[in-house]
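Enquirer: What follows is the file my_file_31.cif, containing mmCIF, C-alpha atoms:
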```
data_query
#
loop_
_atom_site.label_atom_id
_atom_site.label_comp_id
_atom_site.auth_asym_id
_atom_site.auth_seq_id
_atom_site.Cartn_x
_atom_site.Cartn_y
_atom_site.Cartn_z
CA MET A 189 -6.33 -20.24 -18.83
CA MET A 190 -9.48 -18.76 -17.37
CA ALA A 191 -11.22 -16.26 -19.66
CA HIS A 192 -11.53 -12.73 -18.29
CA ARG A 193 -15.33 -12.80 -18.56
CA ASP A 194 -15.34 -15.86 -16.31
CA ILE A 195 -13.19 -14.05 -13.77
CA ALA A 196 -15.58 -11.11 -13.87
CA ALA A 197 -18.50 -13.44 -13.20
CA LYS A 198 -16.80 -14.73 -10.05
CA TYR A 199 -16.90 -11.34 -8.37
CA PRO A 200 -19.82 -11.37 -5.98
CA ARG A 201 -21.32 -7.97 -6.60
CA TRP A 202 -21.39 -5.17 -9.12
CA VAL A 203 -18.95 -2.34 -8.43
CA PRO A 204 -18.84 1.08 -10.13
CA GLY A 205 -15.08 0.80 -10.48
CA VAL A 206 -11.78 -0.45 -9.16
CA ALA A 207 -9.28 1.84 -7.43
CA PHE A 208 -5.65 0.72 -7.41
CA VAL A 209 -4.28 2.66 -4.46
CA ALA A 210 -0.76 3.42 -3.22
CA HIS A 211 0.36 0.85 -0.65
CA CYS A 212 0.71 3.33 2.22
CA LEU A 213 -2.93 4.42 1.96
CA LEU A 214 -3.83 1.09 3.54
CA ASN A 215 -0.61 0.74 5.51
CA GLN A 216 1.08 3.79 6.96
CA ASN A 217 3.70 1.48 8.49
CA ALA A 218 5.35 1.47 5.06
CA LYS A 219 6.14 5.18 5.24
CA THR A 220 9.62 6.55 5.71
CA ARG A 221 10.20 7.02 9.45
CA GLY A 222 8.58 10.25 10.53
CA GLY A 223 6.02 10.11 7.71
CA ALA A 224 3.16 8.02 9.12
CA ARG A 225 0.07 10.23 9.51
CA CYS A 226 -2.00 7.57 11.26
CA PRO A 227 -1.46 4.10 12.77
CA GLY A 228 -2.48 2.02 9.76
CA ILE A 229 -5.26 2.77 7.26
CA TYR A 230 -5.64 6.29 5.84
CA SER A 231 -9.38 6.55 6.37
CA PRO A 232 -10.31 9.67 4.32
CA LEU A 233 -9.67 7.82 1.04
CA VAL A 234 -11.09 4.47 2.15
CA ASP A 235 -14.25 6.18 3.44
CA VAL A 236 -14.94 7.76 0.05
CA LEU A 237 -14.21 4.57 -1.91
CA ARG A 238 -16.44 2.53 0.39
CA GLN A 239 -19.29 5.01 0.31
CA LYS A 240 -19.21 5.02 -3.49
CA GLY A 241 -19.00 1.22 -3.61
CA TRP A 242 -15.59 1.06 -5.30
CA ARG A 243 -13.45 -2.04 -5.16
CA ILE A 244 -10.05 -1.45 -3.51
CA GLU A 245 -6.80 -2.93 -4.83
CA GLN A 246 -3.51 -2.13 -3.10
CA MET A 247 -0.36 -1.58 -5.14
CA PRO A 248 3.06 -2.56 -3.73
CA CYS A 249 5.23 0.19 -2.25
CA PRO A 250 8.23 0.64 -4.60
CA GLU A 251 10.45 2.18 -1.95
CA LEU A 252 9.71 -0.28 0.86
CA ALA A 253 10.83 -3.33 -1.10
CA PHE A 254 13.87 -1.57 -2.57
CA THR A 255 15.44 0.53 0.17
CA GLY A 256 13.55 -0.88 3.16
CA LEU A 257 11.98 0.50 6.32
CA ASN A 258 15.13 2.32 7.43
CA ARG A 259 15.40 4.35 4.25
CA PHE A 260 16.07 8.08 4.35
CA TRP A 261 13.66 10.65 3.05
CA ALA A 262 14.69 10.95 -0.60
CA VAL A 263 13.94 12.95 -3.71
CA ARG A 264 13.26 11.73 -7.22
CA GLU A 265 16.82 12.20 -8.45
CA GLN A 266 18.13 9.81 -5.77
CA TYR A 267 15.77 7.05 -6.95
CA ASP A 268 16.19 7.69 -10.66
CA THR A 269 18.64 4.84 -11.28
CA THR A 270 18.55 1.97 -13.74
CA ALA A 271 18.16 -0.53 -10.89
CA PHE A 272 15.22 1.29 -9.28
CA ARG A 273 13.46 1.69 -12.63
CA LYS A 274 13.93 -2.03 -13.30
CA HIS A 275 12.43 -2.75 -9.87
CA CYS A 276 9.51 -0.42 -10.61
CA ARG A 277 8.90 -2.11 -13.97
CA ARG A 278 8.71 -5.49 -12.21
CA LEU A 279 6.10 -4.12 -9.80
CA ALA A 280 4.28 -2.31 -12.59
CA SER A 281 4.07 -5.50 -14.63
CA ALA A 282 2.39 -7.34 -11.74
CA VAL A 283 -0.07 -4.50 -11.17
CA ALA A 284 -0.78 -4.04 -14.89
CA SER A 285 -1.81 -7.71 -15.14
CA ALA A 286 -4.39 -7.12 -12.40
CA VAL A 287 -5.55 -3.85 -14.00
CA ASP A 288 -5.94 -5.76 -17.26
CA VAL A 289 -8.36 -8.24 -15.66
CA HIS A 290 -10.67 -5.43 -14.61
CA ALA A 291 -10.24 -3.35 -17.76
CA LYS A 292 -11.13 -6.33 -19.94
CA ALA A 293 -14.22 -6.87 -17.78
CA GLY A 294 -15.26 -3.33 -18.69
CA ARG A 295 -14.76 -1.81 -15.25
CA ASP A 296 -13.68 1.77 -14.67
CA VAL A 297 -10.14 1.60 -13.27
CA VAL A 298 -8.41 4.46 -11.47
CA LEU A 299 -4.93 4.76 -9.97
CA VAL A 300 -4.47 6.64 -6.71
CA GLY A 301 -0.94 7.91 -6.01
CA ILE A 302 0.66 10.19 -3.44
CA GLU A 303 1.43 13.78 -4.36
CA GLY A 304 4.94 14.85 -3.37
CA SER A 305 6.33 11.30 -3.53
CA PRO A 306 9.47 10.55 -5.58
CA SER A 307 7.92 7.29 -6.78
CA MET A 308 4.12 7.61 -6.36
CA GLY A 309 3.58 11.28 -7.31
CA VAL A 310 0.92 11.90 -9.97
CA CYS A 311 1.19 15.66 -10.60
CA ILE A 312 3.70 16.62 -7.92
CA THR A 313 6.91 14.81 -7.07
CA SER A 314 9.94 15.83 -5.00
CA SER A 315 13.09 17.11 -6.62
CA ASP A 316 16.50 18.36 -5.56
CA PRO A 317 19.36 17.63 -7.98
CA GLU A 318 21.90 18.67 -5.33
CA ARG A 319 20.75 16.36 -2.54
CA ALA A 320 23.43 13.82 -1.65
CA GLY A 321 25.73 12.72 1.14
CA LEU A 322 25.07 13.12 4.84
CA PRO A 323 21.31 13.66 5.17
CA GLU A 324 21.24 17.01 6.96
CA TRP A 325 19.04 19.31 4.97
CA PRO A 326 16.97 21.95 6.75
CA ASP A 327 13.35 21.24 7.69
CA GLY A 328 10.95 22.74 5.19
CA SER A 329 13.35 22.39 2.26
CA ASP A 330 11.46 23.26 -0.88
CA GLU A 331 11.63 19.93 -2.70
CA LEU A 332 8.14 19.72 -4.18
CA ALA A 333 8.15 20.02 -7.96
CA PRO A 334 5.72 19.44 -10.82
CA GLY A 335 6.04 15.97 -12.29
CA GLU A 336 5.36 12.28 -11.83
CA GLY A 337 7.02 9.82 -9.53
CA ILE A 338 9.17 7.10 -11.09
CA TYR A 339 6.86 4.15 -10.37
CA ILE A 340 3.81 6.00 -11.70
CA GLU A 341 5.79 6.81 -14.86
CA GLU A 342 6.76 3.15 -15.31
CA LEU A 343 3.22 1.91 -14.58
CA ARG A 344 1.69 4.27 -17.14
CA SER A 345 4.28 3.10 -19.64
CA GLU A 346 3.48 -0.58 -18.90
CA LEU A 347 -0.27 0.00 -19.27
CA ALA A 348 0.28 1.80 -22.57
CA ALA A 349 2.52 -1.03 -23.84
CA ARG A 350 -0.33 -3.48 -23.09
CA GLY A 351 -2.86 -1.27 -24.86
CA ILE A 352 -4.76 -0.53 -21.65
CA THR A 353 -6.22 2.91 -22.10
CA GLY A 354 -8.64 5.08 -20.14
CA THR A 355 -7.09 4.47 -16.72
CA ARG A 356 -7.42 7.73 -14.83
CA LEU A 357 -5.02 8.95 -12.13
CA ILE A 358 -5.37 11.07 -9.03
CA GLY A 359 -2.96 11.88 -6.20
CA ILE A 360 -3.73 12.07 -2.48
CA THR A 361 -2.42 15.36 -1.11
CA HIS A 362 -1.94 14.60 2.59
CA GLN A 363 1.83 15.17 2.33
CA LEU A 364 1.50 18.65 0.86
CA PRO A 365 1.76 21.71 3.12
CA ASP A 366 -1.52 23.18 1.83
CA HIS A 367 -3.47 19.91 2.27
CA ASP A 368 -7.10 20.42 3.18
CA ARG A 369 -9.06 17.31 4.12
CA HIS A 370 -12.43 18.70 3.04
CA ASP A 371 -11.10 19.88 -0.32
CA GLU A 372 -9.49 16.51 -0.92
CA ARG A 373 -12.73 14.67 -0.24
CA THR A 374 -14.62 16.95 -2.64
CA ARG A 375 -11.94 16.43 -5.29
CA LEU A 376 -12.01 12.64 -4.83
CA GLU A 377 -15.79 12.45 -5.03
CA ALA A 378 -15.82 14.52 -8.22
CA PHE A 379 -13.05 12.38 -9.70
CA LEU A 380 -14.83 9.09 -8.99
CA ALA A 381 -18.14 10.44 -10.32
CA ARG A 382 -16.68 11.17 -13.76
CA MET B 70 8.65 21.07 11.87
CA ARG B 71 8.48 17.30 11.38
CA ARG B 72 5.33 15.54 12.64
CA ARG B 73 5.35 12.72 15.14
CA ASP B 74 5.31 9.38 13.37
CA LYS B 75 2.03 7.61 14.15
CA ARG B 76 2.69 4.12 12.81
CA SER B 77 1.38 1.17 14.81
CA TYR B 78 4.08 -1.41 13.98
CA ARG B 79 1.20 -3.81 13.30
CA VAL B 80 0.48 -5.17 9.83
CA ALA B 81 -2.21 -7.64 8.77
CA LEU B 82 -2.04 -9.63 5.55
CA VAL B 83 -5.73 -9.70 4.67
CA ALA B 84 -7.60 -11.99 2.27
CA ASP B 85 -9.39 -9.99 -0.39
CA ARG B 86 -12.84 -11.29 0.60
CA TYR B 87 -12.56 -9.36 3.88
CA LEU B 88 -11.40 -6.12 2.24
CA ASN B 89 -13.85 -6.19 -0.66
CA PRO B 90 -16.56 -8.27 1.00
CA PRO B 91 -19.61 -9.65 -0.75
CA ALA B 92 -23.04 -8.50 0.42
CA ARG B 93 -23.43 -9.41 4.11
CA GLY B 94 -19.78 -10.60 4.20
CA LEU B 95 -17.44 -9.61 7.02
CA ASP B 96 -15.82 -6.23 6.37
CA VAL B 97 -12.60 -5.97 8.38
CA ILE B 98 -11.62 -2.42 7.42
CA PRO B 99 -13.59 -0.69 10.23
CA ILE B 100 -12.14 -3.18 12.73
CA LEU B 101 -8.53 -2.77 11.58
CA LEU B 102 -8.98 1.00 11.39
CA GLU B 103 -10.24 1.13 14.96
CA ALA B 104 -7.49 -1.18 16.21
CA GLY B 105 -4.81 0.75 14.31
CA TRP B 106 -3.54 -2.00 12.02
CA GLY B 107 -2.03 -1.48 8.59
CA VAL B 108 -3.06 -3.76 5.75
CA ILE B 109 -1.28 -5.72 3.06
CA GLN B 110 -3.94 -6.98 0.70
CA LEU B 111 -3.75 -10.52 -0.62
CA PRO B 112 -4.70 -11.00 -4.28
CA ALA B 113 -8.32 -11.83 -5.01
CA ASP B 114 -9.08 -15.55 -5.31
CA ALA B 115 -10.60 -14.84 -8.71
CA TYR B 116 -7.28 -13.85 -10.24
CA PRO B 117 -5.68 -16.52 -12.39
CA ARG B 118 -2.38 -17.92 -11.18
CA GLU B 119 -0.27 -15.88 -13.61
CA VAL B 120 -1.79 -12.67 -12.20
CA ALA B 121 -1.79 -13.67 -8.53
CA GLY B 122 1.73 -15.18 -8.50
CA PRO B 123 3.72 -11.96 -9.05
CA LEU B 124 1.40 -10.10 -6.65
CA LEU B 125 2.02 -12.72 -3.94
CA GLU B 126 5.76 -12.37 -4.55
CA GLN B 127 5.47 -8.64 -3.82
CA VAL B 128 3.41 -9.32 -0.71
CA ALA B 129 6.06 -11.73 0.56
CA GLU B 130 8.99 -9.36 -0.07
CA GLN B 131 7.25 -6.53 1.78
CA THR B 132 6.20 -8.84 4.60
CA GLU B 133 9.80 -9.96 5.05
CA GLU B 134 10.86 -6.36 5.58
CA PHE B 135 8.23 -5.79 8.28
CA HIS B 136 8.92 -9.10 9.98
CA ARG B 137 12.70 -8.57 10.01
CA HIS B 138 12.22 -5.20 11.70
CA GLY B 139 10.09 -6.62 14.50
CA TYR B 140 6.65 -5.45 13.37
CA ASP B 141 3.75 -7.65 14.45
CA VAL B 142 2.58 -9.35 11.25
CA VAL B 143 -0.45 -11.65 11.09
CA VAL B 144 -2.55 -13.26 8.36
CA ILE B 145 -6.31 -12.77 8.34
CA GLY B 146 -8.10 -15.33 6.19
CA ARG B 147 -6.55 -17.66 3.63
CA ARG B 148 -4.94 -17.33 0.24
CA ALA B 149 -3.66 -20.19 -1.89
CA GLY B 150 0.03 -19.76 -2.69
CA LEU B 151 0.75 -17.42 0.22
CA LYS B 152 2.58 -20.01 2.29
CA GLU B 153 4.91 -20.85 -0.59
CA ALA B 154 5.52 -17.18 -1.44
CA LEU B 155 6.39 -16.37 2.18
CA ALA B 156 8.73 -19.35 2.35
CA MET B 157 10.52 -18.15 -0.81
CA ALA B 158 11.07 -14.78 0.91
CA ARG B 159 12.32 -16.61 4.03
CA VAL B 160 9.47 -15.41 6.22
CA PRO B 161 8.80 -17.87 9.07
CA ARG B 162 5.26 -19.09 9.75
CA LEU B 163 3.02 -16.20 10.75
CA ASP B 164 0.07 -16.35 13.13
CA GLN B 165 -3.08 -16.80 11.10
CA PHE B 166 -6.71 -16.17 12.00
CA VAL B 167 -9.81 -16.95 9.97
CA PRO B 168 -12.54 -14.80 11.52
CA VAL B 169 -16.07 -16.16 11.77
CA ASN B 170 -17.38 -12.77 12.82
CA ALA B 171 -16.29 -9.27 13.85
CA ASP B 172 -16.19 -10.04 17.58
CA ALA B 173 -13.83 -12.96 17.05
CA LEU B 174 -11.44 -10.78 15.04
CA ILE B 175 -11.56 -7.98 17.61
CA ALA B 176 -10.72 -10.47 20.36
CA PHE B 177 -7.84 -11.93 18.32
CA LEU B 178 -6.33 -8.49 17.70
CA ARG B 179 -6.69 -7.50 21.37
CA GLU B 180 -4.69 -10.54 22.43
CA ARG B 181 -1.69 -9.72 20.26
CA PRO B 182 1.56 -9.01 22.13
CA SER B 183 3.36 -5.69 21.75
CA PRO B 184 5.36 -5.60 18.52
CA LYS B 185 9.05 -6.33 19.08
CA ALA B 186 9.88 -3.17 17.14
CA THR B 187 8.21 -0.97 19.77
CA THR B 188 9.81 -2.70 22.76
CA ALA B 189 13.24 -2.61 21.08
CA ARG B 190 12.89 1.11 20.44
CA LYS B 191 11.88 1.83 24.05
CA ARG B 192 14.79 -0.26 25.33
CA THR B 193 17.20 1.62 23.07
CA ARG B 194 16.04 4.96 24.46
CA ARG B 195 16.72 3.84 28.05
CA VAL B 196 20.39 3.07 27.36
CA PRO B 197 22.61 6.09 28.19
CA VAL B 198 24.71 7.09 25.21
CA ALA B 199 27.95 6.80 27.18
CA ASP B 200 27.19 3.15 28.02
CA ALA B 201 25.87 2.13 24.60
#
```
What is this structure when it is put down as structure tokens?
Expert:
Amino acid sequence: MMAHRDIAAKYPRWVPGVAFVAHCLLNQNAKTRGGARCPGIYSPLVDVLRQKGWRIEQMPCPELAFTGLNRFWAVREQYDTTAFRKHCRRLASAVASAVDVHAKAGRDVVLVGIEGSPSMGVCITSSDPERAGLPEWPDGSDELAPGEGIYIEELRSELAARGITGTRLIGITHQLPDHDRHDERTRLEAFLAR
Amino acid sequence: MRRRDKRSYRVALVADRYLNPPARGLDVIPILLEAGWGVIQLPADAYPREVAGPLLEQVAEQTEEFHRHGYDVVVIGRRAGLKEALAMARVPRLDQFVPVNADALIAFLRERPSPKATTARKRTRRVPVADA
């Protein structure tokens, strides 16, 4: 097996850190129908990471591979099943192995999730214990709630089980009603500078 | 009010060296951004097999979903193990392009046909409900 220091030496240039980003930040095609904010790459995040010289790593989308492109908008309670958690742990294990490579090489590693997401939320998820059946809830339903998404929870747990500490998390806020692009950029720049 | 969905129905599987390019290497992000393509990143060549394998499996499963729904999916660059991972997920051979420079990639992307997903959706809208 190749030693981690050898892997580190194969990277062509020094980077201040490695950002493991939610799948949809590079591919809005993965969003639930009606949720794509742009054709493909979400540029506000990529611009900041590029300007700061950060390496980008894309995480898999937990919902895309599980419920597919024709999935309904869903809240955390609808995904909080044994089968979905098992699926998330499988994804988290693959990502944690990659995080481990960079952590062992001494790089700063951050995780970038999606606020408001049932699986990728960092500080804000979506919640509605009553949501079920025919999907006809009114627009603007108040489903945002404090808490983590299920995949983020499982990934943090996997990293902790492997003894990988110091991985910081931040959530992109473009799905939130009070999203402000300028504020988000300022917040991201401050986060990466820490 | 719900926003209009802005997806492009175009997804590129991109070798890591073009997403995290070395100094003076080809950076495809500005090109894909301008052309409106989404990205699925292929694992870095530097990852050992036991790290890259499960990541390639995820790539293949997600690719299958896009392909089955008629999105235009292409491969930009090369990645060892990708062909086998896609075959395991029952994804047929995808068009692949190894760009020598930015102009060549731009030309390749311009020549792509409309994604089947977009033409199928337009066709569906033209069919009167009573005749469907």
Enquirer: Residues of chain B within 8 Å of chain A, counting all atoms listed in the file, what are they? List them as a VMD selection string.
Expert: chain B and resid 70 to 80 88 to 89 91 to 92 101 to 102 105 to 110 115 to 117 120 123 to 124 127 to 128 130 to 131 134 to 135 138
Enquirer: Name every residue that the PyMOL selection byres ((chain A and resi 265-267) around 9) selects in this structure, writing the answer as a PyMOL selection string with chains first and numbers rising.
Expert: chain A and resi 251+262-264+268-273+306-307+314-320+338
Enquirer: Around segment 145-154 of chain B, with edges along x, y and z and 6 Å added on all six sides, what centre and edge lengths do you get, in Å to one decimal, as AutoDock Vina command-line options?
Expert:
```
--center_x -1.3 --center_y -16.8 --center_z 2.8 --size_x 25.6 --size_y 20.1 --size_z 23.0
```
Enquirer: List, as number ranges by chain, every residue that the PyMOL selection byres ((chain A and resi 339) around 7) selects in the file provided.
Expert: A: 250, 276, 307-308, 337-338, 340-343
Enquirer: Hey, what comes out of the PyMOL selection byres ((chain B and resi 169-184) around 10) on this file? Could you write it as JSON, numbers by chain?
Expert: {"B": [77, 78, 79, 80, 81, 94, 95, 96, 97, 99, 100, 101, 103, 104, 105, 106, 136, 138, 139, 140, 141, 142, 143, 145, 146, 164, 165, 166, 167, 168, 185, 186, 187, 188, 189]}
Enquirer: If we count all atoms listed in the file, what is near Ala149 of chain B at a cut-off of 12 Å, once residues fewer than 5 positions away on the same chain are taken out, given as a list in words?
Expert: Ala84, Asp85, Leu111, Pro112, Ala113, Asp114, Ala115, Tyr116, Pro117, Arg118, Ala121, Gly122, Leu125, Ala154 and Leu155 of chain B
Enquirer: Enter the distance from atom CA of Gly150 of chain B to atom CA of Val209 of chain A, in Å, rounded to one decimal.
Expert: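 Pair atom CA of Gly150 of chain B / atom CA of Val209 of chain A returns 22.9 Å.
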Enquirer: Grab the atom CA of Ser305 of chain A to atom CA of Asp366 of chain A distance for me, in Å with one decimal place.
Expert: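 Here the two named atoms are 15.2 Å from each other.
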Enquirer: May I ask which of the residues B:Leu163, B:Ile98, B:Leu82, B:Ala158 is the closest one to Leu237 of chain A, counting all atoms listed in the file?
Expert: B:Ile98
Enquirer: Have a look at A:Arg373, A:His367, A:His275, A:Arg295 and name the one nearest to Thr353 of chain A; count all atoms listed in the file.
Expert: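 Looking at the shortest contact to Thr353 of chain A, the residue is A:Arg295.
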Enquirer: So that I can see what lies close to Pro334 of chain A, please list as a list in words the residues with an atom at most 8 Å from it, counting all atoms listed in the file and leaving out residues fewer than 5 positions away in the same chain.
Expert: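 Counting only the stated atoms, we get Cys311, Ile312 and Thr313 of chain A.
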Enquirer: State, in Å with one decimal place, the distance from atom CA of Glu119 of chain B to atom CA of Arg350 of chain A.
Expert: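 Computing the Euclidean distance for atom CA of Glu119 of chain B and atom CA of Arg350 of chain A yields 15.6 Å.
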